[in-house]
file coords-v9.txt (compact mmCIF, C-alpha atoms and all ligand atoms)
# COMPACT_ATOMS: atom_id res chain seq x y z
CA MET I 1 14.80 -2.41 -25.47
CA HIS I 2 11.72 -0.27 -26.02
CA ILE I 3 9.57 -0.43 -22.92
CA ASP I 4 5.87 0.06 -23.50
CA LEU I 5 3.63 0.35 -20.45
CA ASP I 6 0.41 1.12 -22.27
CA PHE I 7 -2.74 0.39 -20.24
CA LYS I 8 -5.23 1.91 -22.70
CA ASN I 9 -8.79 0.62 -22.03
CA ARG I 10 -7.54 -1.59 -19.19
CA HIS I 11 -9.60 -1.61 -15.99
CA VAL I 12 -7.70 -0.76 -12.81
CA VAL I 13 -9.23 -0.67 -9.31
CA VAL I 14 -7.30 0.80 -6.38
CA PHE I 15 -8.59 0.33 -2.83
CA GLY I 16 -7.32 3.10 -0.56
CA GLY I 17 -6.56 4.87 -3.84
CA THR I 18 -7.68 8.39 -2.94
CA THR I 19 -4.52 9.66 -1.21
CA GLY I 20 -0.79 9.08 -0.82
CA ILE I 21 1.02 6.09 -2.31
CA ASN I 22 -2.11 4.40 -3.62
CA PHE I 23 -3.32 7.59 -5.31
CA GLY I 24 0.14 7.83 -6.94
CA ILE I 25 -0.41 4.32 -8.33
CA ALA I 26 -3.93 5.17 -9.54
CA GLU I 27 -2.63 8.31 -11.26
CA ALA I 28 0.18 6.43 -13.00
CA PHE I 29 -2.29 3.95 -14.51
CA ALA I 30 -4.64 6.80 -15.52
CA ALA I 31 -1.72 8.54 -17.25
CA GLN I 32 -1.08 5.32 -19.22
CA GLY I 33 -4.65 5.26 -20.54
CA ALA I 34 -6.43 3.00 -18.05
CA ASN I 35 -10.00 3.34 -16.81
CA VAL I 36 -9.44 3.77 -13.07
CA THR I 37 -11.67 3.30 -10.03
CA VAL I 38 -10.52 4.54 -6.63
CA VAL I 39 -12.19 3.44 -3.40
CA SER I 40 -11.93 4.73 0.17
CA ARG I 41 -14.13 5.68 3.12
CA ARG I 42 -14.38 9.44 2.93
CA GLU I 43 -16.55 11.16 0.35
CA GLU I 44 -14.28 14.24 0.26
CA ASN I 45 -11.20 12.10 -0.51
CA VAL I 46 -13.05 10.24 -3.25
CA ALA I 47 -14.29 13.51 -4.81
CA ALA I 48 -10.84 15.16 -4.73
CA ALA I 49 -9.09 12.09 -6.17
CA THR I 50 -11.55 11.55 -9.03
CA GLU I 51 -11.35 15.22 -9.99
CA LYS I 52 -7.54 14.98 -10.26
CA LEU I 53 -7.68 11.68 -12.19
CA ARG I 54 -10.13 13.06 -14.78
CA VAL I 55 -7.36 15.34 -16.11
CA HIS I 56 -5.93 12.28 -17.89
CA GLY I 57 -9.05 12.02 -20.06
CA HIS I 58 -9.96 8.35 -19.52
CA GLY I 59 -12.68 6.64 -17.49
CA VAL I 60 -12.68 7.53 -13.80
CA HIS I 61 -15.01 6.18 -11.13
CA GLY I 62 -14.96 6.78 -7.39
CA ALA I 63 -16.69 4.72 -4.71
CA CYS I 64 -17.02 5.08 -0.95
CA ALA I 65 -16.44 1.86 0.94
CA ASP I 66 -14.80 0.68 4.13
CA VAL I 67 -12.63 -2.37 3.42
CA ARG I 68 -13.71 -3.77 6.81
CA ASP I 69 -17.22 -4.12 5.40
CA PHE I 70 -17.30 -7.15 3.06
CA ASP I 71 -20.56 -6.16 1.38
CA SER I 72 -19.56 -2.55 0.73
CA VAL I 73 -16.34 -3.78 -0.94
CA GLY I 74 -18.49 -6.05 -3.13
CA ARG I 75 -20.78 -3.16 -4.09
CA ALA I 76 -17.85 -0.91 -5.05
CA LEU I 77 -16.40 -3.64 -7.26
CA ALA I 78 -19.77 -4.39 -8.91
CA GLU I 79 -20.21 -0.68 -9.81
CA SER I 80 -16.74 -0.55 -11.32
CA VAL I 81 -17.22 -3.76 -13.32
CA ALA I 82 -20.58 -2.47 -14.62
CA ALA I 83 -18.74 0.58 -15.96
CA TYR I 84 -15.50 -0.95 -17.29
CA GLY I 85 -15.81 -4.74 -17.49
CA PRO I 86 -13.47 -7.39 -16.04
CA ILE I 87 -10.69 -6.10 -13.81
CA ASP I 88 -7.16 -6.18 -15.26
CA VAL I 89 -5.33 -4.69 -12.28
CA LEU I 90 -6.43 -4.76 -8.63
CA VAL I 91 -4.49 -2.84 -5.99
CA SER I 92 -5.23 -3.36 -2.29
CA GLY I 93 -3.56 -0.61 -0.30
CA ALA I 94 -5.97 0.68 2.35
CA ALA I 95 -4.24 0.79 5.73
CA GLY I 96 -4.34 2.41 9.14
CA ASN I 97 -1.52 2.97 11.58
CA PHE I 98 -0.48 4.79 14.74
CA PHE I 99 2.40 4.54 17.17
CA ALA I 100 1.49 2.78 20.44
CA GLN I 101 3.13 0.46 22.92
CA ALA I 102 1.41 -2.93 22.99
CA LYS I 103 0.98 -2.73 26.77
CA ASN I 104 -1.11 0.45 26.39
CA MET I 105 -2.97 -0.50 23.22
CA SER I 106 -6.64 -1.38 23.55
CA SER I 107 -7.99 -4.54 22.00
CA ASN I 108 -10.00 -2.36 19.63
CA GLY I 109 -6.89 -0.36 18.62
CA PHE I 110 -5.04 -3.57 17.65
CA LYS I 111 -8.16 -4.89 15.94
CA ALA I 112 -8.70 -1.70 13.93
CA VAL I 113 -5.34 -2.07 12.18
CA ILE I 114 -5.69 -5.84 11.67
CA ASP I 115 -9.19 -5.32 10.27
CA ILE I 116 -8.20 -2.59 7.82
CA ASP I 117 -4.86 -3.97 6.62
CA LEU I 118 -5.30 -7.75 6.76
CA LEU I 119 -9.00 -8.57 6.83
CA GLY I 120 -9.55 -5.65 4.41
CA THR I 121 -7.05 -7.11 1.94
CA PHE I 122 -8.79 -10.48 2.18
CA HIS I 123 -12.16 -8.80 1.56
CA VAL I 124 -10.84 -6.95 -1.48
CA MET I 125 -9.26 -10.04 -3.03
CA ARG I 126 -12.10 -12.38 -2.13
CA GLN I 127 -14.80 -10.08 -3.54
CA ALA I 128 -12.72 -9.27 -6.64
CA HIS I 129 -11.93 -12.87 -7.63
CA GLU I 130 -15.08 -13.40 -9.70
CA HIS I 131 -14.47 -10.11 -11.55
CA LEU I 132 -10.75 -10.53 -12.33
CA ARG I 133 -9.78 -11.14 -15.96
CA LYS I 134 -8.83 -14.79 -16.33
CA PRO I 135 -6.23 -15.31 -17.54
CA GLY I 136 -4.28 -12.08 -17.28
CA ALA I 137 -5.23 -10.13 -14.17
CA ALA I 138 -2.54 -8.73 -11.89
CA VAL I 139 -3.19 -8.15 -8.18
CA ILE I 140 -0.85 -5.90 -6.20
CA ASN I 141 -1.06 -5.72 -2.42
CA ILE I 142 0.69 -2.90 -0.57
CA THR I 143 2.60 -4.24 2.38
CA ALA I 144 5.33 -2.56 4.50
CA PRO I 145 8.78 -3.27 5.95
CA GLN I 146 6.99 -4.04 9.24
CA SER I 147 5.94 -7.36 7.68
CA THR I 148 9.42 -8.75 8.13
CA ILE I 149 11.22 -6.27 10.44
CA PRO I 150 9.93 -6.23 14.01
CA MET I 151 9.45 -2.58 15.05
CA ARG I 152 8.68 -1.21 18.49
CA TYR I 153 5.18 0.34 18.93
CA GLN I 154 4.08 -1.32 15.68
CA SER I 155 2.77 -4.66 16.98
CA HIS I 156 -0.54 -4.25 15.13
CA ALA I 157 0.97 -3.19 11.80
CA CYS I 158 3.77 -5.80 11.99
CA ALA I 159 1.24 -8.57 12.59
CA ALA I 160 -1.18 -7.27 9.95
CA LYS I 161 1.37 -6.75 7.18
CA ALA I 162 3.04 -10.13 7.86
CA GLY I 163 -0.42 -11.56 7.20
CA VAL I 164 -0.72 -9.54 3.98
CA ASP I 165 2.58 -11.05 2.75
CA GLN I 166 1.40 -14.59 3.41
CA LEU I 167 -2.02 -13.91 1.89
CA THR I 168 -0.18 -12.71 -1.22
CA ARG I 169 1.83 -15.93 -1.42
CA VAL I 170 -1.03 -18.32 -0.65
CA LEU I 171 -3.43 -16.75 -3.14
CA ALA I 172 -0.66 -16.73 -5.77
CA LEU I 173 -0.64 -20.52 -5.30
CA GLU I 174 -4.42 -20.87 -5.38
CA TRP I 175 -5.20 -18.43 -8.20
CA GLY I 176 -2.15 -18.99 -10.40
CA THR I 177 -4.04 -21.72 -12.24
CA ASP I 178 -6.64 -19.08 -13.23
CA GLY I 179 -3.83 -17.07 -14.82
CA ILE I 180 -3.94 -14.44 -12.07
CA ARG I 181 -0.64 -13.08 -10.75
CA ILE I 182 -0.48 -11.76 -7.20
CA ASN I 183 2.43 -9.75 -5.82
CA ALA I 184 3.08 -7.26 -3.06
CA ILE I 185 5.08 -4.05 -2.99
CA SER I 186 6.81 -3.10 0.26
CA PRO I 187 7.49 0.65 0.11
CA GLY I 188 10.21 2.33 2.13
CA PRO I 189 9.58 5.80 3.58
CA ILE I 190 7.78 7.75 0.85
CA ASP I 191 8.12 11.52 1.03
CA GLY I 192 5.07 13.61 1.84
CA THR I 193 2.83 10.69 2.80
CA GLU I 194 0.65 10.13 5.84
CA GLY I 195 2.68 7.05 6.77
CA VAL I 196 5.93 9.02 7.01
CA LYS I 197 4.19 11.84 8.91
CA ARG I 198 2.68 9.45 11.46
CA LEU I 199 5.64 7.15 12.00
CA MET I 200 8.93 8.79 11.11
CA ALA I 201 9.20 12.44 10.32
CA GLN I 202 7.22 15.33 11.73
CA SER I 203 10.15 17.75 12.06
CA ASP I 204 13.01 18.57 9.67
CA ALA I 205 15.46 16.84 12.03
CA GLU I 206 13.38 13.65 12.03
CA ARG I 207 13.11 13.80 8.25
CA GLU I 208 16.88 14.06 7.95
CA GLN I 209 17.28 11.13 10.32
CA ALA I 210 14.81 9.06 8.26
CA THR I 211 16.71 9.96 5.09
CA ASN I 212 20.04 8.92 6.64
CA MET I 213 18.61 5.48 7.41
CA VAL I 214 18.18 4.77 3.68
CA PRO I 215 21.27 3.42 1.89
CA LEU I 216 20.37 5.52 -1.20
CA GLN I 217 20.19 8.59 1.11
CA ARG I 218 16.82 9.86 -0.01
CA LEU I 219 13.18 9.28 0.80
CA GLY I 220 11.14 7.55 -1.90
CA THR I 221 8.68 9.28 -4.20
CA LEU I 222 5.17 8.36 -5.28
CA GLU I 223 6.63 7.68 -8.75
CA ASP I 224 9.12 5.14 -7.34
CA ILE I 225 6.24 2.99 -6.14
CA ALA I 226 3.93 3.68 -9.09
CA ASN I 227 6.66 2.67 -11.58
CA LEU I 228 7.04 -0.71 -9.88
CA ALA I 229 3.26 -1.19 -9.92
CA LEU I 230 3.14 -0.41 -13.66
CA PHE I 231 5.96 -2.86 -14.31
CA LEU I 232 4.39 -5.63 -12.21
CA ALA I 233 1.02 -5.25 -13.93
CA SER I 234 2.55 -5.12 -17.41
CA PRO I 235 3.62 -7.98 -19.70
CA TYR I 236 7.19 -7.33 -18.49
CA GLY I 237 6.15 -8.82 -15.16
CA SER I 238 4.34 -11.77 -16.69
CA TYR I 239 6.38 -14.47 -14.89
CA ILE I 240 6.42 -12.75 -11.49
CA SER I 241 3.89 -14.05 -8.97
CA GLY I 242 3.86 -14.56 -5.21
CA ALA I 243 6.70 -12.06 -4.75
CA VAL I 244 6.97 -9.44 -2.01
CA ILE I 245 9.17 -6.76 -3.53
CA PRO I 246 10.80 -3.99 -1.48
CA CYS I 247 10.93 -0.57 -3.13
CA ASP I 248 12.83 1.21 -0.42
CA GLY I 249 16.28 2.38 -1.51
CA GLY I 250 17.72 -0.63 0.31
CA GLY I 251 16.21 0.46 3.63
CA ALA I 252 15.00 -2.97 4.72
CA LEU I 253 18.61 -4.15 4.64
CA GLU I 254 19.57 -1.55 7.23
CA SER I 255 17.77 -2.93 10.27
CA VAL I 256 21.05 -3.76 11.95
CA LYS I 257 22.38 -0.19 11.65
CA PRO I 258 20.69 1.19 14.79
CA VAL I 259 22.26 -1.60 16.85
CA LEU I 260 25.71 -0.86 15.46
CA GLU I 261 25.11 2.86 16.09
CA ALA I 262 23.99 2.23 19.65
CA THR I 263 27.16 0.34 20.43
CA GLY I 264 29.30 2.98 18.70
CA ARG I 265 30.68 0.37 16.27
CA LEU I 266 29.49 2.22 13.15
CA ALA I 267 31.17 5.50 14.12
CA GLU I 268 34.38 3.57 14.93
CA ALA I 269 34.37 1.86 11.53
CA GLN I 270 33.63 5.15 9.76
CA ALA I 271 36.50 6.89 11.61
CA ARG I 272 38.87 4.06 10.61
CA SER I 273 37.90 4.33 6.94
CA THR I 274 38.36 8.13 6.62
P1 LIG I 301 -2.67 7.21 3.31
O1 LIG I 301 -2.47 8.39 2.42
O2 LIG I 301 -3.29 7.42 4.65
O3 LIG I 301 -3.51 6.12 2.48
C1 LIG I 301 -4.44 5.26 3.06
C2 LIG I 301 -5.64 5.24 2.15
O4 LIG I 301 -6.52 4.21 2.60
C3 LIG I 301 -6.44 6.52 2.16
O5 LIG I 301 -6.89 6.77 0.85
C4 LIG I 301 -7.64 6.23 3.08
O6 LIG I 301 -8.73 7.05 2.63
C5 LIG I 301 -7.82 4.75 2.79
N1 LIG I 301 -8.39 4.01 3.91
C6 LIG I 301 -8.00 4.00 5.22
N2 LIG I 301 -8.77 3.18 5.93
C7 LIG I 301 -9.68 2.65 5.05
C8 LIG I 301 -10.74 1.72 5.19
N3 LIG I 301 -11.05 1.19 6.37
N4 LIG I 301 -11.46 1.39 4.08
C9 LIG I 301 -11.16 1.95 2.88
N5 LIG I 301 -10.16 2.81 2.69
C10 LIG I 301 -9.43 3.16 3.77
O7 LIG I 301 -1.32 6.43 3.57
P2 LIG I 301 0.07 6.15 2.80
O8 LIG I 301 1.13 6.56 3.73
O9 LIG I 301 0.05 6.67 1.40
O10 LIG I 301 0.04 4.55 2.79
C11 LIG I 301 -0.52 3.82 1.71
C12 LIG I 301 -0.10 2.36 1.79
O11 LIG I 301 1.31 2.24 1.76
C13 LIG I 301 -0.54 1.65 3.06
O12 LIG I 301 -0.89 0.31 2.75
C14 LIG I 301 0.70 1.68 3.92
O13 LIG I 301 0.73 0.64 4.88
C15 LIG I 301 1.78 1.49 2.86
N6 LIG I 301 3.10 1.99 3.25
C16 LIG I 301 3.32 3.32 3.35
C17 LIG I 301 4.60 3.79 3.61
C18 LIG I 301 4.88 5.27 3.61
O14 LIG I 301 6.05 5.67 3.60
N7 LIG I 301 3.87 6.11 3.61
C19 LIG I 301 5.65 2.89 3.82
C20 LIG I 301 5.38 1.52 3.76
C21 LIG I 301 4.10 1.07 3.45
P3 LIG I 301 -10.04 7.34 3.55
O15 LIG I 301 -9.55 8.01 4.79
O16 LIG I 301 -10.90 8.19 2.67
O17 LIG I 301 -10.66 6.00 3.82
N1 LIG I 302 -2.86 5.37 20.07
C1 LIG I 302 -3.53 4.36 20.69
N2 LIG I 302 -4.76 3.92 20.28
C2 LIG I 302 -5.30 4.54 19.22
C3 LIG I 302 -4.66 5.58 18.53
C4 LIG I 302 -3.39 6.00 19.00
N3 LIG I 302 -2.71 6.99 18.39
N4 LIG I 302 -5.47 5.97 17.50
C5 LIG I 302 -6.57 5.20 17.56
N5 LIG I 302 -6.47 4.33 18.59
C6 LIG I 302 -7.47 3.36 19.04
C7 LIG I 302 -8.75 4.08 19.49
O1 LIG I 302 -8.62 4.55 20.82
C8 LIG I 302 -9.77 2.98 19.33
O2 LIG I 302 -9.73 2.07 20.39
P1 LIG I 302 -10.84 2.17 21.63
O3 LIG I 302 -12.17 1.99 20.99
O4 LIG I 302 -10.44 1.06 22.53
O5 LIG I 302 -10.66 3.53 22.24
C9 LIG I 302 -9.27 2.21 18.12
O6 LIG I 302 -7.90 2.56 17.93
C10 LIG I 302 -10.03 2.57 16.86
O7 LIG I 302 -9.98 3.96 16.72
P2 LIG I 302 -11.02 4.76 15.81
O8 LIG I 302 -10.59 6.18 15.73
O9 LIG I 302 -12.41 4.46 16.25
O10 LIG I 302 -10.79 3.97 14.45
P3 LIG I 302 -11.16 4.33 12.98
O11 LIG I 302 -11.65 3.09 12.42
O12 LIG I 302 -11.99 5.56 12.86
O13 LIG I 302 -9.70 4.72 12.37
C11 LIG I 302 -7.32 4.37 12.53
C12 LIG I 302 -8.67 3.77 12.18
C13 LIG I 302 -7.22 4.50 14.05
C14 LIG I 302 -6.25 3.40 12.05
C15 LIG I 302 -7.13 5.80 11.94
O14 LIG I 302 -5.88 6.30 12.33
C16 LIG I 302 -7.23 5.82 10.42
O15 LIG I 302 -8.32 5.88 9.90
N6 LIG I 302 -6.10 5.79 9.67
C17 LIG I 302 -6.08 5.82 8.22
C18 LIG I 302 -4.92 6.61 7.67
C19 LIG I 302 -3.57 6.07 8.09
O16 LIG I 302 -3.37 5.55 9.18
N7 LIG I 302 -2.61 6.23 7.17
C20 LIG I 302 -1.26 5.74 7.35
C21 LIG I 302 -1.10 4.44 6.66
S1 LIG I 302 0.55 3.81 6.96

call {"tool": "encode", "arguments": {"input": "coords-v9.txt", "output": "structure tokens"}}
result
Amino acid sequence: MHIDLDFKNRHVVVFGGTTGINFGIAEAFAAQGANVTVVSRREENVAAATEKLRVHGHGVHGACADVRDFDSVGRALAESVAAYGPIDVLVSGAAGNFFAQAKNMSSNGFKAVIDIDLLGTFHVMRQAHEHLRKPGAAVINITAPQSTIPMRYQSHACAAKAGVDQLTRVLALEWGTDGIRINAISPGPIDGTEGVKRLMAQSDAEREQATNMVPLQRLGTLEDIANLALFLASPYGSYISGAVIPCDGGGALESVKPVLEATGRLAEAQARST
């Protein structure tokens, strides 16, 4: 089968699209011919991202907005639509995270993550609805394994991303009749990103440990996630909606491994099989 993922003249908007995983997604669409808008808070991130995206030779727009601010999200979308018309692909991936025990976390610390990840995703989708191509638009939310796997020191992100999953499913129900598909990607640990630096791997030893946790025995790449986004937004994904899809080398299946390791059962089983 010849697979064609051409997005020439399509309009793609990526919130949180100036760095990391979301920038990787924005770049993949730009490389396939799309007109791409990236949105985030910091002017310097927006400037650096738009400069890199222009190399692909298609339309590039950058906007500064905080997804916690409903009106600023609306303004960023209106600018983008004025430049490129109805939105074909909307990606909501802005997020914040830090490691903290719930008993030491301030109310504002918990709220900051809920507001960026969950309320922010609602703002992006709610403000975009009137601008999405109907029928035909694809919305992709970026969730995380925390949405289904409870993780220590991640109470805020677990709660927020669980909400993102359900928002994805509920709006797939509500907006499906407009011909809009809504899905979520749940990345595993993606090499070189802020998320991995903050949560898993600051030293080589921690990186090796993170790698060993993945059944495929490698960290993910920006391309791994971007390829799934291209597929989901393309006609090849035309009957997929309301799905939360892990792209994690099988990592989400491994949550029981630390328990087996702690009890020594895994080492025992490995010794028996060698
Ligand atoms: P990242 O590079 O820090 O990306 C976050 C982006 O969101 C940045 O562009 C940031 O730019 C923007 N942002 C943050 N707060 C914002 C706000 N209030 N309003 C608007 N934009 C905001 O992180 P990443 O590690 O690539 O993560 C990207 C996504 O993947 C997140 O949704 C994360 O939960 C998910 N994820 C990551 C991993 C991983 O391995 N890294 C694993 C699972 C899920 P500004 O600072 O300029 O605003
Ligand atoms: N441990 C405990 N609390 C923390 C914390 C940490 N490491 N980092 C921030 N907080 C608390 C702050 O103390 C503050 O609460 P307070 O007012 O009660 O003191 C609250 O969180 C908000 O912090 P602030 O720095 O004002 O928020 P912000 O809106 O400027 O930034 C963050 C939001 C904290 C999520 C910031 O880390 C961020 O912008 N992250 C984006 C990038 C990112 O996290 N990428 C990885 C994605 S997986």

call {"tool": "closest_atom_pairs", "arguments": {"input": "coords-v9.txt", "of": "range 81-197 of chain I", "to": "range 55-68 of chain I", "cutoff": "12 Å", "atoms": "all atoms listed in the file", "output": "CSV"}}
result
residue,atom,partner,partner_atom,distance
I:Val81,CA,I:His61,CA,10.4
I:Ala82,CA,I:His61,CA,10.9
I:Ala83,CA,I:His61,CA,8.3
I:Tyr84,CA,I:Gly59,CA,8.1
I:Gly85,CA,I:Gly59,CA,11.8
I:Ser92,CA,I:Val67,CA,9.4
I:Gly93,CA,I:Val67,CA,10.0
I:Ala94,CA,I:Val67,CA,7.4
I:Ala95,CA,I:Val67,CA,9.3
I:Gly96,CA,I:Val67,CA,11.1
I:Lys111,CA,I:Arg68,CA,10.7
I:Ala112,CA,I:Arg68,CA,8.9
I:Val113,CA,I:Arg68,CA,10.1
I:Ile114,CA,I:Arg68,CA,9.6
I:Asp115,CA,I:Arg68,CA,5.9
I:Ile116,CA,I:Arg68,CA,5.7
I:Asp117,CA,I:Val67,CA,8.6
I:Leu118,CA,I:Arg68,CA,9.3
I:Leu119,CA,I:Arg68,CA,6.7
I:Gly120,CA,I:Val67,CA,4.6
I:Thr121,CA,I:Val67,CA,7.5
I:Phe122,CA,I:Val67,CA,9.1
I:His123,CA,I:Val67,CA,6.7
I:Val124,CA,I:Val67,CA,6.9
I:Met125,CA,I:Val67,CA,10.6
I:Arg126,CA,I:Val67,CA,11.5
I:Gln127,CA,I:Val67,CA,10.6

call {"tool": "residues_near_ligand", "arguments": {"input": "coords-v9.txt", "ligand": "ligand LIG 302 (chain I)", "cutoff": "7 Å", "atoms": "all atoms listed in the file", "output": "list in words"}}
result
Ala95, Gly96, Asn97, Phe98, Phe99, Ala100, Met105, Ser106, Ser107, Asn108, Gly109, Phe110, Ala112, Val113, Glu194, Gly195 and Arg198 of chain I

call {"tool": "axis_aligned_box", "arguments": {"input": "coords-v9.txt", "around": "range 130-142 of chain I", "padding_each_side": "4 Å", "output": "lines of an AutoDock Vina configuration file"}}
result
center_x = -7.2
center_y = -9.1
center_z = -9.1
size_x = 23.8
size_y = 20.4
size_z = 25.0

call {"tool": "closest_residue", "arguments": {"input": "coords-v9.txt", "among": "I:Thr211, I:Gln270, I:Ser238, I:Asn22", "to": "ligand LIG 301 (chain I)", "atoms": "all atoms listed in the file"}}
result
I:Asn22

call {"tool": "closest_residue", "arguments": {"input": "coords-v9.txt", "among": "I:Ser203, I:Asn104, I:Asn183, I:Ser147", "to": "ligand LIG 301 (chain I)", "atoms": "all atoms listed in the file"}}
result
I:Ser147

call {"tool": "atom_distance", "arguments": {"input": "coords-v9.txt", "atom1": "CA of Glu208 in chain I", "atom2": "CA of Ile245 in chain I"}}
result
25.0 Å

call {"tool": "residues_around", "arguments": {"input": "coords-v9.txt", "residues": "Gly220 in chain I", "least_positions_apart": "6", "cutoff": "12 Å", "atoms": "all atoms listed in the file", "output": "number ranges by chain"}}
result
I: 21, 186-193, 196, 210-211, 214, 226-227, 246-251
